[in-house]
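Trainee: Next comes the structure file data_12.cif, holding mmCIF, C-alpha atoms and all ligand atoms.
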data_target
#
loop_
_atom_site.label_atom_id
_atom_site.label_comp_id
_atom_site.auth_asym_id
_atom_site.auth_seq_id
_atom_site.Cartn_x
_atom_site.Cartn_y
_atom_site.Cartn_z
CA MET A 1050 1.65 19.34 29.98
CA SER A 1051 4.53 16.89 29.36
CA ASP A 1052 6.36 16.98 26.03
CA PRO A 1053 4.96 14.20 23.80
CA ARG A 1054 8.47 13.78 22.37
CA ALA A 1055 10.08 13.17 25.76
CA LYS A 1056 9.75 9.35 25.80
CA ALA A 1057 10.83 9.07 22.16
CA ARG A 1058 13.88 11.21 22.89
CA GLU A 1059 14.76 9.16 25.95
CA LEU A 1060 14.55 5.88 23.99
CA ALA A 1061 16.46 7.40 21.06
CA ALA A 1062 19.26 8.69 23.29
CA GLN A 1063 19.69 5.29 24.96
CA ALA A 1064 19.63 3.39 21.68
CA VAL A 1065 22.19 5.72 20.09
CA GLN A 1066 24.39 5.43 23.19
CA ASP A 1067 24.16 1.62 22.92
CA GLY A 1068 25.23 1.76 19.27
CA GLU A 1069 21.83 0.51 18.07
CA PRO A 1070 20.29 3.70 16.63
CA THR A 1071 17.33 1.99 14.97
CA ARG A 1072 16.31 -0.08 18.02
CA TRP A 1073 14.01 2.45 19.60
CA PHE A 1074 11.35 2.69 16.91
CA GLU A 1075 9.88 -0.73 17.66
CA GLU A 1076 10.26 -0.03 21.39
CA LEU A 1077 8.22 3.18 21.04
CA TYR A 1078 5.47 1.68 18.88
CA ALA A 1079 5.17 -1.29 21.25
CA LEU A 1080 4.84 1.04 24.25
CA ALA A 1081 2.23 3.05 22.36
CA GLU A 1082 0.20 -0.09 21.66
CA ARG A 1083 -0.04 -0.59 25.43
CA GLY A 1084 -0.94 3.06 26.02
CA ASP A 1085 2.39 3.70 27.78
CA ALA A 1086 3.76 6.26 25.29
CA ALA A 1087 2.71 8.48 22.42
CA VAL A 1088 4.15 8.29 18.92
CA PRO A 1089 4.86 12.00 18.49
CA TRP A 1090 4.71 12.06 14.67
CA ALA A 1091 1.52 9.99 14.37
CA ASP A 1092 -1.22 12.46 13.51
CA LEU A 1093 -3.10 9.85 11.44
CA GLU A 1094 -3.24 12.23 8.47
CA PRO A 1095 -1.22 12.35 5.26
CA ASN A 1096 1.71 14.72 5.40
CA PRO A 1097 0.53 18.20 4.33
CA VAL A 1098 3.68 18.94 2.32
CA LEU A 1099 3.22 15.66 0.44
CA ARG A 1100 -0.36 16.67 -0.31
CA ARG A 1101 0.92 19.98 -1.67
CA VAL A 1102 3.59 18.52 -3.98
CA LEU A 1103 1.55 15.49 -5.07
CA PRO A 1104 0.14 17.09 -8.26
CA SER A 1105 3.70 17.69 -9.50
CA LEU A 1106 4.75 14.07 -9.02
CA ALA A 1107 3.01 12.01 -11.75
CA VAL A 1108 2.09 9.22 -9.34
CA ASP A 1109 -0.70 7.62 -11.37
CA GLY A 1110 0.45 4.05 -12.04
CA ALA A 1111 3.89 4.76 -10.59
CA ARG A 1112 5.65 2.01 -8.67
CA THR A 1113 6.02 3.85 -5.38
CA LEU A 1114 8.03 3.05 -2.26
CA VAL A 1115 7.05 4.75 1.01
CA VAL A 1116 9.95 4.80 3.47
CA GLY A 1117 9.35 4.64 7.25
CA CYS A 1118 5.61 4.52 6.63
CA GLY A 1119 4.60 4.72 10.29
CA TYR A 1120 0.84 4.19 10.53
CA GLY A 1121 0.40 4.32 6.76
CA ASP A 1122 -1.43 7.56 5.95
CA ASP A 1123 0.99 8.72 3.25
CA ALA A 1124 0.86 5.30 1.61
CA ALA A 1125 -2.94 5.48 1.60
CA LEU A 1126 -2.84 8.95 0.04
CA LEU A 1127 -0.51 7.80 -2.72
CA LEU A 1128 -2.65 4.74 -3.36
CA ALA A 1129 -5.74 6.94 -3.68
CA ALA A 1130 -3.82 9.07 -6.20
CA GLY A 1131 -3.33 6.00 -8.38
CA ALA A 1132 0.14 4.83 -7.34
CA ARG A 1133 1.11 1.16 -6.94
CA VAL A 1134 2.41 1.26 -3.40
CA THR A 1135 4.96 -0.66 -1.38
CA ALA A 1136 5.32 0.80 2.13
CA PHE A 1137 7.79 -0.28 4.77
CA ASP A 1138 8.88 0.46 8.28
CA ILE A 1139 11.53 -1.01 10.52
CA ALA A 1140 8.97 -1.33 13.33
CA GLU A 1141 6.85 -4.44 12.90
CA THR A 1142 4.24 -3.06 15.31
CA ALA A 1143 3.71 -0.05 13.03
CA VAL A 1144 3.40 -2.28 9.96
CA ALA A 1145 0.88 -4.51 11.75
CA ARG A 1146 -1.12 -1.38 12.60
CA CYS A 1147 -1.08 -0.32 8.91
CA ARG A 1148 -2.56 -3.66 7.91
CA GLN A 1149 -5.28 -3.23 10.54
CA ARG A 1150 -6.07 0.36 9.62
CA PHE A 1151 -6.20 -0.25 5.86
CA PRO A 1152 -7.34 -3.89 5.54
CA ASP A 1153 -8.66 -3.53 2.00
CA ALA A 1154 -5.93 -1.30 0.61
CA PRO A 1155 -3.79 -3.10 -1.99
CA VAL A 1156 -0.58 -1.79 -0.46
CA ASP A 1157 2.37 -4.14 -0.07
CA TRP A 1158 3.14 -3.45 3.62
CA CYS A 1159 6.62 -4.69 4.61
CA VAL A 1160 8.96 -4.74 7.59
CA ALA A 1161 12.34 -3.65 6.21
CA ASP A 1162 15.35 -1.51 7.06
CA ALA A 1163 16.18 1.55 4.95
CA LEU A 1164 19.83 0.87 5.74
CA ALA A 1165 19.66 -2.47 3.94
CA PRO A 1166 16.71 -2.58 1.51
CA PRO A 1167 15.86 -5.97 -0.03
CA GLU A 1168 17.92 -6.72 -3.16
CA GLY A 1169 14.76 -6.92 -5.24
CA TRP A 1170 14.13 -3.21 -4.65
CA ALA A 1171 17.23 -2.11 -6.58
CA ARG A 1172 16.17 0.28 -9.42
CA ALA A 1173 12.59 -0.98 -8.91
CA PHE A 1174 10.57 2.16 -8.07
CA ASP A 1175 9.46 5.15 -10.13
CA LEU A 1176 9.01 7.15 -6.94
CA VAL A 1177 10.64 6.71 -3.53
CA VAL A 1178 8.97 8.85 -0.86
CA GLU A 1179 11.03 9.63 2.21
CA ILE A 1180 9.31 11.87 4.76
CA ASN A 1181 10.89 12.63 8.14
CA THR A 1182 12.78 9.34 8.48
CA LEU A 1183 16.32 10.49 7.62
CA GLN A 1184 15.95 13.11 10.38
CA VAL A 1185 15.43 10.48 13.08
CA LEU A 1186 18.68 8.71 12.18
CA PRO A 1187 22.09 9.97 13.40
CA PRO A 1188 24.37 11.35 10.65
CA PRO A 1189 26.29 8.15 9.75
CA GLU A 1190 23.12 6.04 9.45
CA ARG A 1191 21.32 8.96 7.76
CA ALA A 1192 23.93 9.11 5.02
CA ARG A 1193 23.90 5.32 4.57
CA ALA A 1194 20.10 5.18 4.44
CA GLY A 1195 19.99 8.06 1.95
CA GLN A 1196 22.40 6.28 -0.37
CA ALA A 1197 20.56 2.97 0.01
CA LEU A 1198 17.20 4.59 -0.79
CA GLY A 1199 18.72 6.12 -3.91
CA THR A 1200 19.51 2.64 -5.21
CA CYS A 1201 15.78 1.85 -5.18
CA VAL A 1202 15.02 4.54 -7.80
CA ALA A 1203 14.40 3.18 -11.30
CA PRO A 1204 15.76 4.85 -14.45
CA GLY A 1205 13.66 7.97 -15.00
CA GLY A 1206 12.34 7.74 -11.42
CA ALA A 1207 12.66 10.10 -8.49
CA LEU A 1208 13.42 10.23 -4.79
CA LEU A 1209 11.26 12.73 -2.88
CA VAL A 1210 12.73 13.92 0.42
CA ILE A 1211 10.80 16.00 2.97
CA ALA A 1212 12.75 16.83 6.12
CA ARG A 1213 13.30 19.47 8.76
CA GLY A 1214 16.05 21.89 7.79
CA ARG A 1215 18.78 23.77 9.66
CA GLU A 1216 21.84 25.88 8.98
CA PRO A 1217 25.20 24.07 9.31
CA ALA A 1218 26.10 26.39 12.20
CA ASP A 1219 22.87 25.65 14.09
CA PRO A 1220 23.13 23.03 16.83
CA ALA A 1221 21.82 19.61 15.75
CA GLY A 1222 19.52 19.74 18.77
CA ALA A 1223 17.46 16.86 20.11
CA MET A 1224 15.79 14.20 17.98
CA PRO A 1225 14.40 14.86 15.37
CA TRP A 1226 17.72 16.14 14.04
CA PRO A 1227 17.12 18.59 11.11
CA LEU A 1228 19.14 18.15 7.92
CA THR A 1229 21.41 20.73 6.32
CA VAL A 1230 21.04 21.63 2.67
CA ALA A 1231 24.43 19.99 2.09
CA GLU A 1232 23.14 16.69 3.49
CA VAL A 1233 20.24 16.77 1.04
CA GLU A 1234 22.51 17.74 -1.85
CA ALA A 1235 24.78 14.82 -0.99
CA LEU A 1236 21.95 12.47 -1.91
CA ALA A 1237 22.66 13.40 -5.53
CA ALA A 1238 25.03 10.47 -6.07
CA ASP A 1239 25.17 7.19 -7.95
CA GLY A 1240 23.25 8.59 -10.94
CA LEU A 1241 20.72 10.70 -9.01
CA VAL A 1242 20.57 14.38 -9.97
CA LEU A 1243 19.05 17.09 -7.79
CA GLU A 1244 16.08 18.35 -9.78
CA ARG A 1245 14.50 20.61 -7.20
CA LEU A 1246 15.20 21.78 -3.66
CA ASP A 1247 12.71 24.01 -1.87
CA ASP A 1248 13.54 25.53 1.48
CA LEU A 1249 10.32 26.65 3.10
CA LEU A 1250 8.38 27.27 6.26
CA ASP A 1251 5.51 24.83 6.62
CA ALA A 1252 2.01 25.52 7.95
CA GLU A 1253 2.63 24.11 11.45
CA ASP A 1254 2.10 26.36 14.45
CA PRO A 1255 4.81 27.54 14.96
CA PRO A 1256 6.04 27.04 11.38
CA VAL A 1257 8.89 24.56 10.86
CA ARG A 1258 11.65 24.95 8.28
CA ARG A 1259 11.35 22.12 5.75
CA LEU A 1260 13.61 21.03 2.94
CA VAL A 1261 11.69 19.46 0.05
CA ALA A 1262 13.85 17.82 -2.59
CA VAL A 1263 13.31 15.80 -5.74
CA LEU A 1264 16.29 13.81 -7.02
CA ARG A 1265 15.96 12.04 -10.36
CA ARG A 1266 17.78 9.23 -12.12
CA SER A 1267 18.18 9.75 -15.84
CA GLY A 1268 17.10 7.22 -18.44
CA ARG A 1269 14.10 5.04 -18.90
C1 LIG A 1301 9.59 10.30 12.26
S1 LIG A 1301 8.75 8.88 11.77
C2 LIG A 1301 7.97 9.45 10.29
C3 LIG A 1301 6.84 8.57 9.88
C4 LIG A 1301 6.14 9.04 8.62
N1 LIG A 1301 7.03 8.95 7.47
C5 LIG A 1301 5.61 10.42 8.81
O1 LIG A 1301 6.09 11.34 8.12
O2 LIG A 1301 4.71 10.60 9.63
C6 LIG A 1301 10.05 7.83 11.15
C7 LIG A 1301 9.55 6.44 10.80
O3 LIG A 1301 10.61 5.74 10.18
C8 LIG A 1301 10.75 4.48 10.75
N2 LIG A 1301 12.17 4.12 10.62
C9 LIG A 1301 13.22 4.60 11.32
N3 LIG A 1301 14.37 4.07 10.88
C10 LIG A 1301 14.04 3.25 9.87
C11 LIG A 1301 14.79 2.41 9.03
N4 LIG A 1301 16.13 2.31 9.14
N5 LIG A 1301 14.14 1.70 8.09
C12 LIG A 1301 12.79 1.78 7.97
N6 LIG A 1301 12.02 2.54 8.76
C13 LIG A 1301 12.64 3.29 9.70
C14 LIG A 1301 10.27 4.63 12.18
O4 LIG A 1301 9.85 3.43 12.76
C15 LIG A 1301 9.13 5.63 12.00
O5 LIG A 1301 7.91 5.00 11.74
#
Show this structure as structure tokens.

Mentor:
Amino acid sequence: MSDPRAKARELAAQAVQDGEPTRWFEELYALAERGDAAVPWADLEPNPVLRRVLPSLAVDGARTLVVGCGYGDDAALLLAAGARVTAFDIAETAVARCRQRFPDAPVDWCVADALAPPEGWARAFDLVVEINTLQVLPPPERARAGQALGTCVAPGGALLVIARGREPADPAGAMPWPLTVAEVEALAADGLVLERLDDLLDAEDPPVRRLVAVLRRSGR
């Protein structure tokens, strides 16, 4: 059977080589709409690690920003848990699909770039949920996006990061590129403090090393 990630990796490699590392997401979703590719991360279910940490997150009524929302399942889960949800993706085809899949959900679905969030999002969210998006950006864009997402966290709010993990000495490998603990710790900047960092094996078969971090901004 062919690797479902093969097309995504091919598009990613070309886009990175062309110096446009965020170009390929829309390309992939558009191909998938026509049945010409699979979106390898789209299992149409909320993320299981998010489900597990949700009770510890105080989401009821929280202004919540879902980063790289894909087909929208995590946004729908957070909405069902009582959050007020804004969810965005750089790929307009994915966002259009969210609106189709959840027509009655009062989620503010947006096309936006984590590298340059709208000015109105500065310090505007009690919870920013980033799952598996930093790991599909090359290191320079990953660091920029991480810093930019931090600016969206309101006083007293938190940034949740769920990402594949690796040792610094491990090869970065093919997309998705796992993060090191140091990369996650570096998100503690501009007033964000690392509150929790779990390094675990998830329930996938075979299990995948995941870093789960909560970074909080003081104040209220
Ligand atoms: C690996 S997928 C993860 C999707 C979803 N968060 C999940 O866990 O299933 C990464 C998502 O982030 C989106 N994305 C990539 N770069 C982005 C950026 N700079 N700004 C916003 N979304 C981005 C992609 O289009 C894709 O939907």

Trainee: Rank A:Leu1183, A:Gly1084, A:Glu1094, A:Gly1119 by their smallest atom-to-atom distance to Ala1145 (chain A), using all atoms listed in the file, and report the top residue only.

Mentor: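 Answer, going by the shortest atom-to-atom distance: A:Gly1119.
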
Trainee: Using only C-alpha atoms and all ligand atoms, find each residue with an atom at most 9 Å away from ligand LIG 1301 (chain A) and format the answer as a ChimeraX atom specification.

Mentor: /A:1070-1075,1077-1078,1088-1096,1115-1123,1137-1144,1160-1166,1178-1186,1190-1191,1194,1211-1212,1225

Trainee: Can those selected residues be exported to a file as a CSV table (one decimal), in the coordinates of the input so that it contains C-alpha atoms?

Mentor:
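Result written to selection.csv:
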chain,number,residue,atom,x,y,z
A,1070,PRO,CA,20.3,3.7,16.6
A,1071,THR,CA,17.3,2.0,15.0
A,1072,ARG,CA,16.3,-0.1,18.0
A,1073,TRP,CA,14.0,2.4,19.6
A,1074,PHE,CA,11.4,2.7,16.9
A,1075,GLU,CA,9.9,-0.7,17.7
A,1077,LEU,CA,8.2,3.2,21.0
A,1078,TYR,CA,5.5,1.7,18.9
A,1088,VAL,CA,4.2,8.3,18.9
A,1089,PRO,CA,4.9,12.0,18.5
A,1090,TRP,CA,4.7,12.1,14.7
A,1091,ALA,CA,1.5,10.0,14.4
A,1092,ASP,CA,-1.2,12.5,13.5
A,1093,LEU,CA,-3.1,9.8,11.4
A,1094,GLU,CA,-3.2,12.2,8.5
A,1095,PRO,CA,-1.2,12.4,5.3
A,1096,ASN,CA,1.7,14.7,5.4
A,1115,VAL,CA,7.0,4.8,1.0
A,1116,VAL,CA,10.0,4.8,3.5
A,1117,GLY,CA,9.4,4.6,7.2
A,1118,CYS,CA,5.6,4.5,6.6
A,1119,GLY,CA,4.6,4.7,10.3
A,1120,TYR,CA,0.8,4.2,10.5
A,1121,GLY,CA,0.4,4.3,6.8
A,1122,ASP,CA,-1.4,7.6,6.0
A,1123,ASP,CA,1.0,8.7,3.2
A,1137,PHE,CA,7.8,-0.3,4.8
A,1138,ASP,CA,8.9,0.5,8.3
A,1139,ILE,CA,11.5,-1.0,10.5
A,1140,ALA,CA,9.0,-1.3,13.3
A,1141,GLU,CA,6.8,-4.4,12.9
A,1142,THR,CA,4.2,-3.1,15.3
A,1143,ALA,CA,3.7,0.0,13.0
A,1144,VAL,CA,3.4,-2.3,10.0
A,1160,VAL,CA,9.0,-4.7,7.6
A,1161,ALA,CA,12.3,-3.6,6.2
A,1162,ASP,CA,15.4,-1.5,7.1
A,1163,ALA,CA,16.2,1.6,5.0
A,1164,LEU,CA,19.8,0.9,5.7
A,1165,ALA,CA,19.7,-2.5,3.9
A,1166,PRO,CA,16.7,-2.6,1.5
A,1178,VAL,CA,9.0,8.8,-0.9
A,1179,GLU,CA,11.0,9.6,2.2
A,1180,ILE,CA,9.3,11.9,4.8
A,1181,ASN,CA,10.9,12.6,8.1
A,1182,THR,CA,12.8,9.3,8.5
A,1183,LEU,CA,16.3,10.5,7.6
A,1184,GLN,CA,16.0,13.1,10.4
A,1185,VAL,CA,15.4,10.5,13.1
A,1186,LEU,CA,18.7,8.7,12.2
A,1190,GLU,CA,23.1,6.0,9.4
A,1191,ARG,CA,21.3,9.0,7.8
A,1194,ALA,CA,20.1,5.2,4.4
A,1211,ILE,CA,10.8,16.0,3.0
A,1212,ALA,CA,12.8,16.8,6.1
A,1225,PRO,CA,14.4,14.9,15.4

Trainee: Taking only C-alpha atoms into account, which of A:Ala1223, A:Ala1124, A:Leu1198, A:Ala1173 comes nearest Arg1150 (chain A)?

Mentor: A:Ala1124

Trainee: Can you tell me which residues surround region 1251-1260 of chain A at a distance of at most 12 Å, considering only C-alpha atoms, apart from same-chain residues fewer than 6 positions away, and format the answer as a VMD selection string?

Mentor: chain A and resid 1096 to 1099 1101 1179 to 1181 1183 to 1184 1209 to 1216 1227 to 1234 1245

Trainee: Could you tell me how far CA of Pro1104 (chain A) sits from CA of Arg1148 (chain A), in Å to one decimal place?

Mentor: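 Interatomic distance, CA of Arg1148 (chain A) to CA of Pro1104 (chain A): 26.4 Å.
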
Trainee: What is the distance, in Å and to one decimal place, between CA of Arg1172 (chain A) and CA of Ala1132 (chain A)?

Mentor: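 Interatomic distance here is 16.8 Å.
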
Trainee: Determine the nearest neighbour of Glu1069 (chain A) from the options A:Asp1248, A:Leu1126, A:Pro1187, A:Val1261, counting all atoms listed in the file.

Mentor: A:Pro1187

Trainee: Taking every listed atom of region 1233-1250 of chain A and adding 4 Å to each side, what centre and edge lengths in Å (one decimal) does the axis-aligned box have, as AutoDock Vina command-line options?

Mentor:
--center_x 16.8 --center_y 17.2 --center_z -2.3 --size_x 24.8 --size_y 28.1 --size_z 25.2

Trainee: Find the residues around region 1105-1108 of chain A up to 9 Å (only C-alpha atoms counted), leave out those fewer than 5 positions away in its own chain, and share them as a list in words.

Mentor: Thr1113, Leu1127, Leu1128, Ala1130, Gly1131, Ala1132, Arg1133, Asp1175, Leu1176 and Ala1207 of chain A

Trainee: One decimal, Å: what's the distance from CA of Leu1264 (chain A) over to CA of Leu1208 (chain A), could you say?

Mentor: 5.1 Å

Trainee: For each of A:Ala1237, A:Ala1221, A:Ala1057, A:Val1202, take the minimum atom-to-atom distance to Ala1079 (chain A), counting all atoms listed in the file, then give the residue where this is smallest.

Mentor: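 Looking only at the distances to Ala1079 (chain A), the closest residue turns out to be A:Ala1057.
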
Trainee: With distances taken over only C-alpha atoms, which residue among A:Thr1200, A:Ser1267, A:Ser1051, A:Thr1135 lies nearest Glu1168 (chain A)?

Mentor: A:Thr1200

Trainee: Go through A:Leu1114, A:Cys1147, A:Val1102, A:Met1224 and flag the residue nearest Gly1199 (chain A), using only C-alpha atoms for the distances.

Mentor: A:Leu1114

Trainee: List every protein, DNA or RNA residue that has at least one atom no more than 12 Å from (5.2, 6.2, 32.1) in the file's coordinates, counting only C-alpha atoms, and write the result as a ChimeraX atom specification.

Mentor: /A:1051,1053,1055-1057,1059,1077,1080-1081,1083-1087

Trainee: Can those selected residues be exported to a file as an mmCIF file, keeping the file's coordinate frame so that it contains C-alpha atoms?

Mentor:
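Heads up, here's the output in part_38.cif:
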data_model
loop_
_atom_site.group_PDB
_atom_site.id
_atom_site.type_symbol
_atom_site.label_atom_id
_atom_site.label_comp_id
_atom_site.auth_asym_id
_atom_site.auth_seq_id
_atom_site.Cartn_x
_atom_site.Cartn_y
_atom_site.Cartn_z
ATOM 1 C CA SER A 1051 4.530 16.890 29.360
ATOM 2 C CA PRO A 1053 4.960 14.200 23.800
ATOM 3 C CA ALA A 1055 10.080 13.170 25.760
ATOM 4 C CA LYS A 1056 9.750 9.350 25.800
ATOM 5 C CA ALA A 1057 10.830 9.070 22.160
ATOM 6 C CA GLU A 1059 14.760 9.160 25.950
ATOM 7 C CA LEU A 1077 8.220 3.180 21.040
ATOM 8 C CA LEU A 1080 4.840 1.040 24.250
ATOM 9 C CA ALA A 1081 2.230 3.050 22.360
ATOM 10 C CA ARG A 1083 -0.040 -0.590 25.430
ATOM 11 C CA GLY A 1084 -0.940 3.060 26.020
ATOM 12 C CA ASP A 1085 2.390 3.700 27.780
ATOM 13 C CA ALA A 1086 3.760 6.260 25.290
ATOM 14 C CA ALA A 1087 2.710 8.480 22.420
#
